[in-house]
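Text of my_file.cif, listed as mmCIF, C-alpha atoms and all ligand atoms:
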```
data_upload
loop_
_atom_site.label_atom_id
_atom_site.label_comp_id
_atom_site.auth_asym_id
_atom_site.auth_seq_id
_atom_site.Cartn_x
_atom_site.Cartn_y
_atom_site.Cartn_z
CA MET J 1 0.00 0.00 0.00
CA THR J 2 1.49 3.29 -1.07
CA GLY J 3 0.07 6.69 -1.94
CA VAL J 4 -2.85 8.54 -0.48
CA ALA J 5 -6.51 7.82 -1.23
CA VAL J 6 -8.05 10.24 1.24
CA LYS J 7 -6.55 13.33 2.75
CA LEU J 8 -8.06 15.55 5.41
CA GLU J 9 -6.05 18.74 5.59
CA GLY J 10 -6.23 21.18 8.47
CA LEU J 11 -9.91 20.46 9.11
CA ARG J 12 -11.64 22.75 11.53
CA ARG J 13 -15.27 22.74 12.54
CA THR J 14 -16.81 24.98 15.12
CA PHE J 15 -20.35 24.86 16.47
CA GLY J 16 -20.75 28.20 18.28
CA THR J 17 -17.97 28.10 20.84
CA VAL J 18 -17.34 24.34 20.51
CA HIS J 19 -14.29 23.32 18.47
CA ALA J 20 -15.47 19.93 17.22
CA LEU J 21 -12.42 19.66 14.97
CA ASP J 22 -9.27 21.62 15.61
CA ASP J 23 -6.79 21.36 12.76
CA LEU J 24 -7.24 17.68 11.95
CA ASP J 25 -4.84 16.13 9.44
CA LEU J 26 -5.26 12.56 8.26
CA ALA J 27 -4.02 10.64 5.22
CA ILE J 28 -5.50 7.23 4.38
CA GLU J 29 -3.67 4.90 2.02
CA PRO J 30 -5.52 3.09 -0.79
CA GLY J 31 -7.26 -0.02 0.54
CA GLU J 32 -6.45 0.87 4.13
CA LEU J 33 -8.92 0.67 7.01
CA ILE J 34 -8.42 3.42 9.55
CA ALA J 35 -10.39 3.42 12.79
CA LEU J 36 -10.96 6.77 14.44
CA LEU J 37 -11.16 6.08 18.15
CA GLY J 38 -11.86 8.48 20.97
CA PRO J 39 -14.18 9.45 23.79
CA SER J 40 -17.63 10.85 23.20
CA GLY J 41 -17.50 14.36 21.76
CA CYS J 42 -13.89 14.20 20.49
CA GLY J 43 -15.01 14.91 16.90
CA LYS J 44 -14.93 11.46 15.25
CA THR J 45 -18.39 11.68 13.71
CA THR J 46 -17.83 15.27 12.62
CA ALA J 47 -14.66 14.19 10.76
CA LEU J 48 -16.54 11.35 9.04
CA ARG J 49 -19.48 13.59 8.12
CA ILE J 50 -17.18 16.22 6.62
CA LEU J 51 -15.44 13.51 4.57
CA ALA J 52 -18.88 12.28 3.45
CA GLY J 53 -20.01 15.78 2.49
CA LEU J 54 -22.83 15.74 5.04
CA GLU J 55 -21.26 18.55 7.03
CA ASP J 56 -19.29 21.62 5.98
CA ALA J 57 -15.84 22.28 7.36
CA THR J 58 -15.23 25.70 8.90
CA ALA J 59 -11.73 25.50 7.38
CA GLY J 60 -9.53 22.93 5.70
CA ARG J 61 -9.75 20.64 2.68
CA VAL J 62 -10.86 17.12 1.80
CA LEU J 63 -9.01 15.37 -1.03
CA VAL J 64 -9.98 12.04 -2.57
CA ASP J 65 -7.45 10.54 -4.99
CA GLY J 66 -5.72 13.92 -5.05
CA LYS J 67 -8.88 15.77 -6.11
CA ASP J 68 -10.26 18.52 -3.90
CA VAL J 69 -13.86 17.50 -3.08
CA THR J 70 -14.38 20.00 -0.25
CA ARG J 71 -17.17 21.79 -2.14
CA LEU J 72 -18.65 18.69 -3.78
CA PRO J 73 -22.11 17.60 -2.53
CA ALA J 74 -22.37 14.22 -0.76
CA ASN J 75 -24.05 12.43 -3.67
CA ARG J 76 -21.16 13.27 -6.00
CA ARG J 77 -18.36 12.01 -3.75
CA GLY J 78 -18.83 8.30 -4.50
CA MET J 79 -18.84 7.22 -0.87
CA GLY J 80 -20.63 4.28 0.69
CA MET J 81 -21.95 4.74 4.19
CA VAL J 82 -23.14 2.53 7.03
CA PHE J 83 -24.52 4.15 10.15
CA GLN J 84 -25.29 2.87 13.64
CA ALA J 85 -28.57 1.15 12.81
CA TYR J 86 -32.04 1.42 11.35
CA SER J 87 -30.88 3.02 8.13
CA LEU J 88 -32.63 0.55 5.78
CA PHE J 89 -35.85 1.51 4.02
CA PRO J 90 -38.50 -0.44 5.95
CA HIS J 91 -40.85 -0.87 2.98
CA LEU J 92 -38.16 -2.36 0.72
CA THR J 93 -36.82 -5.92 0.84
CA ALA J 94 -33.13 -6.66 1.45
CA ALA J 95 -32.53 -6.96 -2.30
CA GLN J 96 -34.50 -3.77 -3.05
CA ASN J 97 -32.53 -1.90 -0.40
CA VAL J 98 -29.30 -2.91 -2.11
CA GLU J 99 -30.74 -2.11 -5.54
CA PHE J 100 -31.70 1.35 -4.37
CA GLY J 101 -28.13 2.62 -4.57
CA LEU J 102 -27.57 0.82 -7.86
CA ARG J 103 -30.62 2.48 -9.43
CA LEU J 104 -29.38 5.92 -8.36
CA ARG J 105 -26.03 5.24 -9.99
CA ARG J 106 -27.51 3.27 -12.90
CA GLY J 107 -25.48 0.18 -11.97
CA PRO J 108 -26.54 -3.34 -13.04
CA LEU J 109 -29.23 -4.59 -10.64
CA THR J 110 -27.81 -8.12 -10.79
CA ARG J 111 -25.06 -6.84 -8.53
CA ALA J 112 -27.56 -6.81 -5.64
CA ALA J 113 -27.56 -10.62 -5.50
CA GLU J 114 -23.74 -10.70 -5.65
CA MET J 115 -23.54 -8.20 -2.82
CA LEU J 116 -25.98 -10.12 -0.61
CA ASP J 117 -23.89 -13.20 -1.26
CA LEU J 118 -20.73 -11.32 -0.28
CA VAL J 119 -22.23 -10.42 3.11
CA GLY J 120 -23.54 -13.97 3.66
CA LEU J 121 -27.24 -13.21 3.06
CA SER J 122 -28.00 -14.86 -0.27
CA GLY J 123 -31.09 -16.60 1.10
CA PHE J 124 -32.54 -13.41 2.57
CA ALA J 125 -33.14 -11.28 -0.55
CA LYS J 126 -36.93 -11.14 -0.17
CA ARG J 127 -37.04 -10.38 3.54
CA TYR J 128 -38.08 -6.98 4.82
CA PRO J 129 -35.91 -5.25 7.45
CA HIS J 130 -38.34 -6.15 10.27
CA GLN J 131 -37.85 -9.82 9.36
CA LEU J 132 -34.09 -9.56 9.85
CA SER J 133 -31.98 -9.47 13.02
CA GLY J 134 -29.98 -6.33 13.84
CA GLY J 135 -26.79 -7.98 12.60
CA GLN J 136 -28.45 -9.07 9.35
CA GLN J 137 -29.81 -5.55 8.81
CA GLN J 138 -26.32 -4.16 9.16
CA ARG J 139 -25.06 -6.73 6.63
CA VAL J 140 -27.68 -5.46 4.18
CA ALA J 141 -26.59 -1.89 4.90
CA LEU J 142 -23.01 -2.93 4.17
CA ALA J 143 -24.07 -4.67 0.93
CA ARG J 144 -25.94 -1.52 -0.10
CA ALA J 145 -22.93 0.67 0.66
CA LEU J 146 -20.54 -1.58 -1.29
CA ALA J 147 -22.87 -2.18 -4.25
CA ILE J 148 -22.02 1.18 -5.79
CA GLU J 149 -18.28 0.32 -5.65
CA PRO J 150 -17.56 3.38 -3.53
CA ARG J 151 -14.22 5.18 -3.62
CA VAL J 152 -14.37 5.26 0.16
CA LEU J 153 -16.43 3.29 2.67
CA LEU J 154 -17.52 5.18 5.77
CA LEU J 155 -18.69 3.28 8.82
CA ASP J 156 -20.04 5.26 11.78
CA GLU J 157 -20.33 3.02 14.86
CA PRO J 158 -21.96 0.32 12.69
CA LEU J 159 -21.85 -2.30 15.44
CA SER J 160 -22.80 -0.35 18.54
CA ALA J 161 -26.50 -1.28 18.52
CA LEU J 162 -25.74 -5.02 18.38
CA ASP J 163 -25.20 -7.43 21.25
CA ALA J 164 -21.65 -8.46 22.16
CA LYS J 165 -21.43 -11.75 20.32
CA VAL J 166 -22.95 -10.50 17.04
CA ARG J 167 -20.75 -7.43 17.32
CA VAL J 168 -17.57 -9.52 17.30
CA GLN J 169 -18.81 -11.77 14.46
CA LEU J 170 -19.84 -8.87 12.27
CA ARG J 171 -16.65 -6.96 13.06
CA ASP J 172 -14.57 -9.86 11.74
CA GLU J 173 -16.88 -10.16 8.71
CA ILE J 174 -16.55 -6.46 7.89
CA ARG J 175 -12.79 -6.83 7.99
CA ARG J 176 -12.88 -9.92 5.77
CA ILE J 177 -15.14 -8.23 3.21
CA GLN J 178 -13.22 -4.95 3.27
CA THR J 179 -9.96 -6.81 2.66
CA GLU J 180 -11.60 -8.81 -0.15
CA VAL J 181 -12.99 -5.78 -1.99
CA GLY J 182 -10.03 -3.55 -1.06
CA THR J 183 -12.09 -0.41 -0.43
CA THR J 184 -10.39 2.42 1.44
CA THR J 185 -12.33 2.67 4.71
CA LEU J 186 -12.84 5.01 7.64
CA PHE J 187 -14.43 3.35 10.67
CA VAL J 188 -15.55 5.46 13.62
CA THR J 189 -15.88 3.88 17.05
CA HIS J 190 -15.51 4.62 20.74
CA ASP J 191 -14.78 0.94 21.46
CA GLN J 192 -11.05 0.37 21.79
CA GLU J 193 -11.17 -3.40 21.33
CA GLU J 194 -13.16 -2.95 18.13
CA ALA J 195 -10.69 -0.39 16.78
CA LEU J 196 -7.65 -2.52 17.63
CA ALA J 197 -9.22 -5.65 16.13
CA ILE J 198 -10.39 -4.22 12.83
CA ALA J 199 -7.99 -1.51 11.72
CA ASP J 200 -4.73 -1.31 9.78
CA ARG J 201 -4.08 1.88 11.72
CA VAL J 202 -5.91 3.46 14.63
CA GLY J 203 -6.25 7.23 14.98
CA VAL J 204 -6.81 8.14 18.60
CA MET J 205 -8.65 11.46 18.82
CA ARG J 206 -8.89 13.93 21.62
CA ALA J 207 -10.68 17.27 21.56
CA GLY J 208 -10.82 17.57 17.77
CA ARG J 209 -7.25 16.47 17.09
CA LEU J 210 -5.35 13.29 16.37
CA GLU J 211 -3.32 12.32 19.39
CA GLN J 212 -1.67 9.30 17.72
CA LEU J 213 -2.04 7.51 14.39
CA ALA J 214 -0.35 4.12 14.35
CA THR J 215 -0.87 0.38 14.00
CA PRO J 216 -3.01 -1.25 16.70
CA SER J 217 -0.01 -2.88 18.36
CA GLU J 218 1.96 0.34 18.35
CA VAL J 219 -0.92 2.33 19.85
CA TYR J 220 -1.27 -0.27 22.57
CA LEU J 221 2.37 -1.10 23.25
CA ARG J 222 3.92 2.30 22.54
CA PRO J 223 1.27 4.90 23.34
CA ALA J 224 2.58 8.30 22.28
CA THR J 225 0.93 10.18 25.12
CA ALA J 226 -0.53 9.59 28.56
CA PHE J 227 -4.00 10.18 27.10
CA VAL J 228 -3.55 7.33 24.59
CA ALA J 229 -2.11 5.02 27.27
CA ASP J 230 -5.13 5.76 29.42
CA PHE J 231 -7.82 5.58 26.75
CA VAL J 232 -6.55 2.43 25.07
CA GLY J 233 -6.31 -0.17 27.83
CA LEU J 234 -5.70 0.29 31.52
CA SER J 235 -2.56 1.73 33.05
CA ASN J 236 -1.01 1.95 36.48
CA ARG J 237 0.35 5.38 37.33
CA LEU J 238 3.62 4.65 39.12
CA SER J 239 6.29 7.04 40.31
CA GLY J 240 9.70 6.51 38.84
CA SER J 241 12.85 8.29 37.85
CA VAL J 242 14.29 8.71 34.39
CA ASN J 243 17.90 7.79 33.93
CA GLY J 244 19.17 8.07 30.35
CA ASP J 245 16.77 6.19 28.08
CA VAL J 246 15.10 4.14 30.81
CA VAL J 247 12.74 4.87 33.66
CA GLU J 248 13.25 3.07 36.97
CA VAL J 249 9.96 1.92 38.49
CA LEU J 250 9.71 -0.37 41.52
CA GLY J 251 13.22 -1.66 40.88
CA ALA J 252 12.58 -2.37 37.19
CA ARG J 253 14.34 -0.52 34.36
CA LEU J 254 11.79 0.11 31.61
CA PRO J 255 12.48 1.61 28.16
CA LEU J 256 10.75 4.90 27.35
CA VAL J 257 8.39 5.40 24.39
CA THR J 258 9.67 8.96 23.95
CA PRO J 259 12.90 10.43 25.38
CA HIS J 260 12.69 12.52 28.54
CA ALA J 261 15.13 14.99 30.11
CA GLY J 262 15.36 13.02 33.37
CA GLY J 263 14.27 13.22 37.00
CA ALA J 264 11.11 12.21 38.87
CA VAL J 265 8.16 11.19 36.66
CA THR J 266 4.89 9.26 36.63
CA ALA J 267 5.12 6.20 34.37
CA LEU J 268 2.09 4.46 32.84
CA VAL J 269 2.51 0.71 33.22
CA ARG J 270 0.05 -1.87 31.83
CA PRO J 271 -1.38 -4.36 34.38
CA GLU J 272 -0.37 -7.25 32.13
CA ALA J 273 3.26 -6.12 32.32
CA VAL J 274 3.14 -6.52 36.12
CA ASP J 275 3.67 -9.90 37.73
CA VAL J 276 3.22 -10.92 41.35
CA VAL J 277 4.73 -14.02 42.95
CA PRO J 278 4.02 -15.15 46.54
CA ASP J 279 7.08 -14.54 48.73
CA PRO J 280 6.80 -14.46 52.55
CA GLU J 281 9.94 -12.30 52.73
CA ALA J 282 8.50 -9.59 50.40
CA THR J 283 7.04 -6.31 51.65
CA ALA J 284 4.26 -5.89 49.04
CA THR J 285 0.80 -7.21 50.03
CA VAL J 286 -2.22 -8.30 48.00
CA LEU J 287 -5.18 -5.99 48.69
CA THR J 288 -7.86 -7.50 46.43
CA SER J 289 -8.17 -10.17 43.73
CA SER J 290 -10.92 -10.28 41.15
CA PHE J 291 -11.72 -13.04 38.72
CA LEU J 292 -12.30 -11.83 35.13
CA GLY J 293 -12.46 -15.15 33.27
CA SER J 294 -9.20 -16.27 31.71
CA THR J 295 -7.28 -13.62 33.64
CA SER J 296 -7.61 -12.11 37.10
CA ARG J 297 -6.81 -8.66 38.39
CA VAL J 298 -4.78 -8.46 41.58
CA THR J 299 -4.34 -5.16 43.44
CA VAL J 300 -1.17 -4.92 45.47
CA SER J 301 0.11 -2.37 47.94
CA VAL J 302 3.83 -1.64 47.44
CA GLY J 303 5.12 0.94 49.92
CA GLU J 304 3.08 4.09 49.26
CA GLN J 305 1.83 2.90 45.89
CA VAL J 306 -1.03 0.69 44.72
CA VAL J 307 -0.30 -1.48 41.67
CA VAL J 308 -2.75 -3.50 39.58
CA ALA J 309 -1.45 -6.72 38.03
CA GLN J 310 -3.25 -8.90 35.51
CA VAL J 311 -2.35 -12.57 35.92
CA PRO J 312 -3.64 -15.88 34.53
CA SER J 313 -6.68 -16.98 36.58
CA GLY J 314 -5.11 -20.37 37.37
CA ARG J 315 -2.84 -18.57 39.84
CA LEU J 316 -5.62 -16.85 41.76
CA PRO J 317 -5.83 -19.43 44.61
CA GLU J 318 -2.21 -18.55 45.48
CA LEU J 319 -3.02 -14.87 45.81
CA PRO J 320 -5.75 -14.15 48.41
CA ALA J 321 -5.82 -10.74 50.14
CA GLY J 322 -2.98 -10.38 52.64
CA THR J 323 -0.51 -12.58 50.69
CA ARG J 324 3.01 -11.18 50.68
CA VAL J 325 4.21 -10.92 47.09
CA ARG J 326 7.22 -9.92 45.05
CA VAL J 327 6.30 -7.50 42.27
CA THR J 328 8.17 -7.59 38.97
CA ILE J 329 7.59 -5.58 35.80
CA GLN J 330 8.38 -6.79 32.29
CA PRO J 331 10.66 -4.40 30.41
CA VAL J 332 8.03 -3.15 27.94
CA ALA J 333 8.19 0.45 26.74
CA VAL J 334 6.18 2.88 28.83
CA ALA J 335 4.73 6.35 28.32
CA LEU J 336 5.12 9.08 30.92
CA GLU J 337 2.40 11.34 32.23
P1 LIG T 1 -19.86 10.47 19.97
O1 LIG T 1 -19.02 9.25 20.11
O2 LIG T 1 -20.57 10.85 21.24
O3 LIG T 1 -20.75 10.48 18.77
P2 LIG T 1 -17.94 12.13 18.54
O4 LIG T 1 -16.51 11.97 18.87
O5 LIG T 1 -18.42 11.48 17.29
O6 LIG T 1 -18.82 11.70 19.78
P3 LIG T 1 -18.94 14.57 17.41
O7 LIG T 1 -20.33 14.07 17.20
O8 LIG T 1 -18.08 14.71 16.21
O9 LIG T 1 -18.19 13.69 18.48
O10 LIG T 1 -19.05 15.96 18.16
C1 LIG T 1 -17.90 16.75 18.49
C2 LIG T 1 -18.35 17.97 19.27
O11 LIG T 1 -19.13 18.81 18.45
C3 LIG T 1 -19.21 17.66 20.48
O12 LIG T 1 -18.86 18.53 21.52
C4 LIG T 1 -20.62 17.91 19.99
O13 LIG T 1 -21.47 18.26 21.05
C5 LIG T 1 -20.42 19.03 19.01
N1 LIG T 1 -21.41 19.00 17.92
C6 LIG T 1 -21.51 18.05 16.96
N2 LIG T 1 -22.51 18.34 16.10
C7 LIG T 1 -23.07 19.50 16.52
C8 LIG T 1 -24.15 20.32 16.05
N3 LIG T 1 -24.83 20.02 14.95
N4 LIG T 1 -24.43 21.44 16.74
C9 LIG T 1 -23.71 21.78 17.85
N5 LIG T 1 -22.69 21.04 18.34
C10 LIG T 1 -22.37 19.94 17.69
#
```
Translate the structure described by the file into structure tokens.
Ligand code: ATP
Amino acid sequence: MTGVAVKLEGLRRTFGTVHALDDLDLAIEPGELIALLGPSGCGKTTALRILAGLEDATAGRVLVDGKDVTRLPANRRGMGMVFQAYSLFPHLTAAQNVEFGLRLRRGPLTRAAEMLDLVGLSGFAKRYPHQLSGGQQQRVALARALAIEPRVLLLDEPLSALDAKVRVQLRDEIRRIQTEVGTTTLFVTHDQEEALAIADRVGVMRAGRLEQLATPSEVYLRPATAFVADFVGLSNRLSGSVNGDVVEVLGARLPLVTPHAGGAVTALVRPEAVDVVPDPEATATVLTSSFLGSTSRVTVSVGEQVVVAQVPSGRLPELPAGTRVRVTIQPVAVALE
């Protein structure tokens, strides 16, 4: 993947005194799936709507395949869209819903059957939306969006109205289909697991700006800022001191994500990087243990600090409250607050 399919350049959007977007830059490569992730109100939907042409930017430009489309109306941008839910026409069957877009663009109607097949709904062509589950309705919406062979596919929280199991299934399906058809895609979500699972790169947004744009593993393992470390996964805030290119925390020497001048700092350490081993001679003590399924979370008091460790559940019987434990930290890179 090289080149740029979609470029958002210096996008700003104000609503009265609210800066929904504040100088947002984003370049999406051809065929790439980027997930915009961030807390409610950070501007994700506004960015997607401006790219779609459903919202005007206060300033900035939108380029698709190098062409400035900032002033082009939505229906001339060649984008396919899937929203949260309930966007199908209730009086049209699944096939007719898919054909709707094809009619507008004068595409061959036979494509509707191909598209329903692509999303695993070939036997459901004659059903009306109320005869389909939420997940099936979203598959039809996806088929409708892809039928027109869009330049860009825009997905705005398409899974958030579905229950957990269907959400994971459909998430994997969307990724499979998107990879198969190779459509450049922007996926908006506030669910970190969803973003990490589905995207080539994740853009973490905060207050109208991109805080980090990187692969899922990089965002998780090497968060660029404390905000990213906090929003994507859990982090312990532990005091430490920077010495050269490492930070010393609870006796461990951990590499830094970004260089720091030195001195006392607060380091953000993932619970799964912390290990606790029973040791009657140790000074740290287990405060609480909670079972989460395959892993368990153990809270430990170490001197003045409280540390959360995530350990395999099989070890939980060894770690009831009051157990003396030795705390070790794996040398994974950490961000500083
Ligand atoms: P969510 O996950 O809750 O949908 P979001 O990250 O998608 O959040 P946006 O919907 O883009 O956020 O909104 C960004 C900011 O702009 C918010 O503070 C929101 O209240 C404000 N905003 C969005 N649309 C409008 C509007 N039409 N009028 C006034 N304010 C708006």
Legend entry - Residues near Val168 of chain J, cut-off 9 Å, all atoms listed in the file, skip fewer than 4 positions along chain, as a count of residues only: 6
Inset, instruction - Kindly work out which residues sit at most 7 Å from ligand LIG 1 (chain T), using only C-alpha atoms and all ligand atoms, and give the list as number ranges by chain. - result: J: 15, 18-20, 38-47, 189-190
Legend entry - Close residues, segment 132-144 of chain J itself excluded, 9 Å, all atoms listed in the file, min 2 positions apart in chain, as number ranges by chain: J: 80-88, 94-95, 97-102, 112, 114-121, 124, 127-130, 146-148, 155, 158-159, 161-163, 166-167, 170, 174
Legend entry - Nearby residues, (-19.4, 6.4, -2.3) file frame, 6 Å, all atoms listed in the file, as a list of chain:residue names: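 Applying the cut-off with all atoms listed in the file, one gets J:Arg77, J:Gly78, J:Met79, J:Gly80, J:Pro150, J:Arg151, J:Val152.
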Legend entry - Selection: 7 Å around segment 277-286 of chain J, all atoms listed in the file, excl. self and same-chain fewer than 2 positions, as a ChimeraX atom specification: /J:275,288,298-303,319-327
Legend entry - Neighbour list for Leu63 of chain J as JSON, numbers by chain, cut-off 6 Å, only C-alpha atoms, skip fewer than 3 positions in-chain: {"J": [6, 7, 66, 67, 68, 69]}
Inset, instruction - Could you give me, as number ranges by chain, the residues within 7 Å of Phe187 of chain J, counting all atoms listed in the file and dropping anything in the same chain fewer than 2 positions from it? - result: J: 34-36, 154-156, 185, 189
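Considering the residues J:Pro223, J:Pro317, J:Ser217, J:Gly240 and counting all atoms listed in the file, Glu193 of chain J has its shortest atom-to-atom contact with J:Ser217.
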Inset, instruction - Would you mind telling me which residue in J:Pro312, J:Gly10, J:Pro30, J:Gly3 lies nearest to Val62 of chain J when using only C-alpha atoms? - result: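 Going through J:Pro312, J:Gly10, J:Pro30, J:Gly3 one by one, the smallest distance to Val62 of chain J is for J:Gly10.
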Calculate, to one decimal in Å, the centre and edge lengths of the box along x, y and z of the file that holds all listed atoms of segment 223-227 of chain J with 6 Å of margin on each side, and present them as AutoDock Vina command-line options.
```
--center_x -0.7 --center_y 7.5 --center_z 25.4 --size_x 18.6 --size_y 17.3 --size_z 18.3
```
Inset, instruction - Have a look at atom CA of Thr183 of chain J and atom CA of Arg222 of chain J and let me know their distance in Å, one decimal. - result: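 Atom-to-atom, atom CA of Thr183 of chain J and atom CA of Arg222 of chain J are spaced 28.1 Å apart.
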List as JSON lines every residue of segment 268-331 of chain J that is in contact with segment 228-237 of chain J, defined as an atom at most 9 Å from one of its atoms (using only C-alpha atoms), together with the nearest atom pair and the distance in Å rounded to one decimal, sorted by chain and then rising number.
```
{"residue": "J:Leu268", "atom": "CA", "partner": "J:Arg237", "partner_atom": "CA", "distance": 4.9}
{"residue": "J:Val269", "atom": "CA", "partner": "J:Asn236", "partner_atom": "CA", "distance": 5.0}
{"residue": "J:Arg270", "atom": "CA", "partner": "J:Ser235", "partner_atom": "CA", "distance": 4.6}
{"residue": "J:Pro271", "atom": "CA", "partner": "J:Ser235", "partner_atom": "CA", "distance": 6.3}
{"residue": "J:Val306", "atom": "CA", "partner": "J:Asn236", "partner_atom": "CA", "distance": 8.3}
{"residue": "J:Val307", "atom": "CA", "partner": "J:Asn236", "partner_atom": "CA", "distance": 6.3}
{"residue": "J:Val308", "atom": "CA", "partner": "J:Asn236", "partner_atom": "CA", "distance": 6.5}
{"residue": "J:Ala309", "atom": "CA", "partner": "J:Asn236", "partner_atom": "CA", "distance": 8.8}
```
Go ahead and write the residues just picked, C-alpha atoms, as an mmCIF file, in the frame of the given file.
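Result written to part-v5.cif:
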```cif
data_model
loop_
_atom_site.group_PDB
_atom_site.id
_atom_site.type_symbol
_atom_site.label_atom_id
_atom_site.label_comp_id
_atom_site.auth_asym_id
_atom_site.auth_seq_id
_atom_site.Cartn_x
_atom_site.Cartn_y
_atom_site.Cartn_z
ATOM 1 C CA LEU J 268 2.090 4.460 32.840
ATOM 2 C CA VAL J 269 2.510 0.710 33.220
ATOM 3 C CA ARG J 270 0.050 -1.870 31.830
ATOM 4 C CA PRO J 271 -1.380 -4.360 34.380
ATOM 5 C CA VAL J 306 -1.030 0.690 44.720
ATOM 6 C CA VAL J 307 -0.300 -1.480 41.670
ATOM 7 C CA VAL J 308 -2.750 -3.500 39.580
ATOM 8 C CA ALA J 309 -1.450 -6.720 38.030
#
```
Inset, instruction - Give me, please, the distance in Å between atom CA of Pro90 of chain J and atom CA of Val188 of chain J, quoted to one decimal. - result: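 About the pair atom CA of Pro90 of chain J and atom CA of Val188 of chain J: they are 24.9 Å apart.
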Inset, instruction - Counting all atoms listed in the file, figure out which residue out of J:Asn243, J:Asn75, J:Ala273, J:Ala125 gets nearest to Ala52 of chain J. - result: J:Asn75
Inset, instruction - Counting all atoms listed in the file, figure out which residue out of J:Val332, J:Leu250, J:Val204, J:Ile28 gets nearest to Asp191 of chain J. - result: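 Of J:Val332, J:Leu250, J:Val204, J:Ile28, the one nearest Asp191 of chain J, counting all atoms listed in the file, is J:Val204.
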Inset, instruction - Take atom CA of Leu210 of chain J and atom CA of Leu21 of chain J and report the distance between them in Å, one decimal. - result: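 Computing it gives 9.6 Å between the two atoms.
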Would you kindly place N, CA, C and O atoms on segment 177-189 of chain J and return the model as a short mmCIF file (atom, residue, chain, number, x, y, z; two decimals), keeping the file's coordinate frame?
```cif
data_model
loop_
_atom_site.label_atom_id
_atom_site.label_comp_id
_atom_site.auth_asym_id
_atom_site.auth_seq_id
_atom_site.Cartn_x
_atom_site.Cartn_y
_atom_site.Cartn_z
N ILE J 177 -14.57 -8.76 4.45
CA ILE J 177 -15.14 -8.23 3.21
C ILE J 177 -14.34 -7.03 2.72
O ILE J 177 -14.03 -6.91 1.54
N GLN J 178 -13.98 -6.15 3.65
CA GLN J 178 -13.22 -4.95 3.27
C GLN J 178 -11.87 -5.34 2.65
O GLN J 178 -11.43 -4.75 1.67
N THR J 179 -11.25 -6.36 3.21
CA THR J 179 -9.96 -6.81 2.66
C THR J 179 -10.19 -7.41 1.27
O THR J 179 -9.41 -7.17 0.35
N GLU J 180 -11.30 -8.16 1.14
CA GLU J 180 -11.60 -8.81 -0.15
C GLU J 180 -11.85 -7.77 -1.25
O GLU J 180 -11.31 -7.89 -2.34
N VAL J 181 -12.67 -6.75 -0.93
CA VAL J 181 -12.99 -5.78 -1.99
C VAL J 181 -11.94 -4.67 -2.08
O VAL J 181 -11.85 -3.97 -3.09
N GLY J 182 -11.14 -4.51 -1.02
CA GLY J 182 -10.03 -3.55 -1.06
C GLY J 182 -10.44 -2.09 -1.04
O GLY J 182 -9.71 -1.23 -1.53
N THR J 183 -11.62 -1.79 -0.46
CA THR J 183 -12.09 -0.41 -0.43
C THR J 183 -11.44 0.36 0.72
O THR J 183 -11.42 -0.12 1.86
N THR J 184 -10.95 1.54 0.41
CA THR J 184 -10.39 2.42 1.44
C THR J 184 -11.51 2.77 2.44
O THR J 184 -12.60 3.17 2.03
N THR J 185 -11.24 2.60 3.73
CA THR J 185 -12.33 2.67 4.71
C THR J 185 -11.97 3.51 5.93
O THR J 185 -10.86 3.40 6.47
N LEU J 186 -12.96 4.31 6.36
CA LEU J 186 -12.84 5.01 7.64
C LEU J 186 -13.93 4.49 8.56
O LEU J 186 -15.11 4.49 8.21
N PHE J 187 -13.53 4.02 9.73
CA PHE J 187 -14.43 3.35 10.67
C PHE J 187 -14.38 4.14 11.98
O PHE J 187 -13.31 4.30 12.57
N VAL J 188 -15.53 4.65 12.40
CA VAL J 188 -15.55 5.46 13.62
C VAL J 188 -16.11 4.63 14.77
O VAL J 188 -17.14 3.98 14.63
N THR J 189 -15.40 4.64 15.89
CA THR J 189 -15.88 3.88 17.05
C THR J 189 -15.34 4.48 18.35
O THR J 189 -14.31 5.16 18.35
#
```
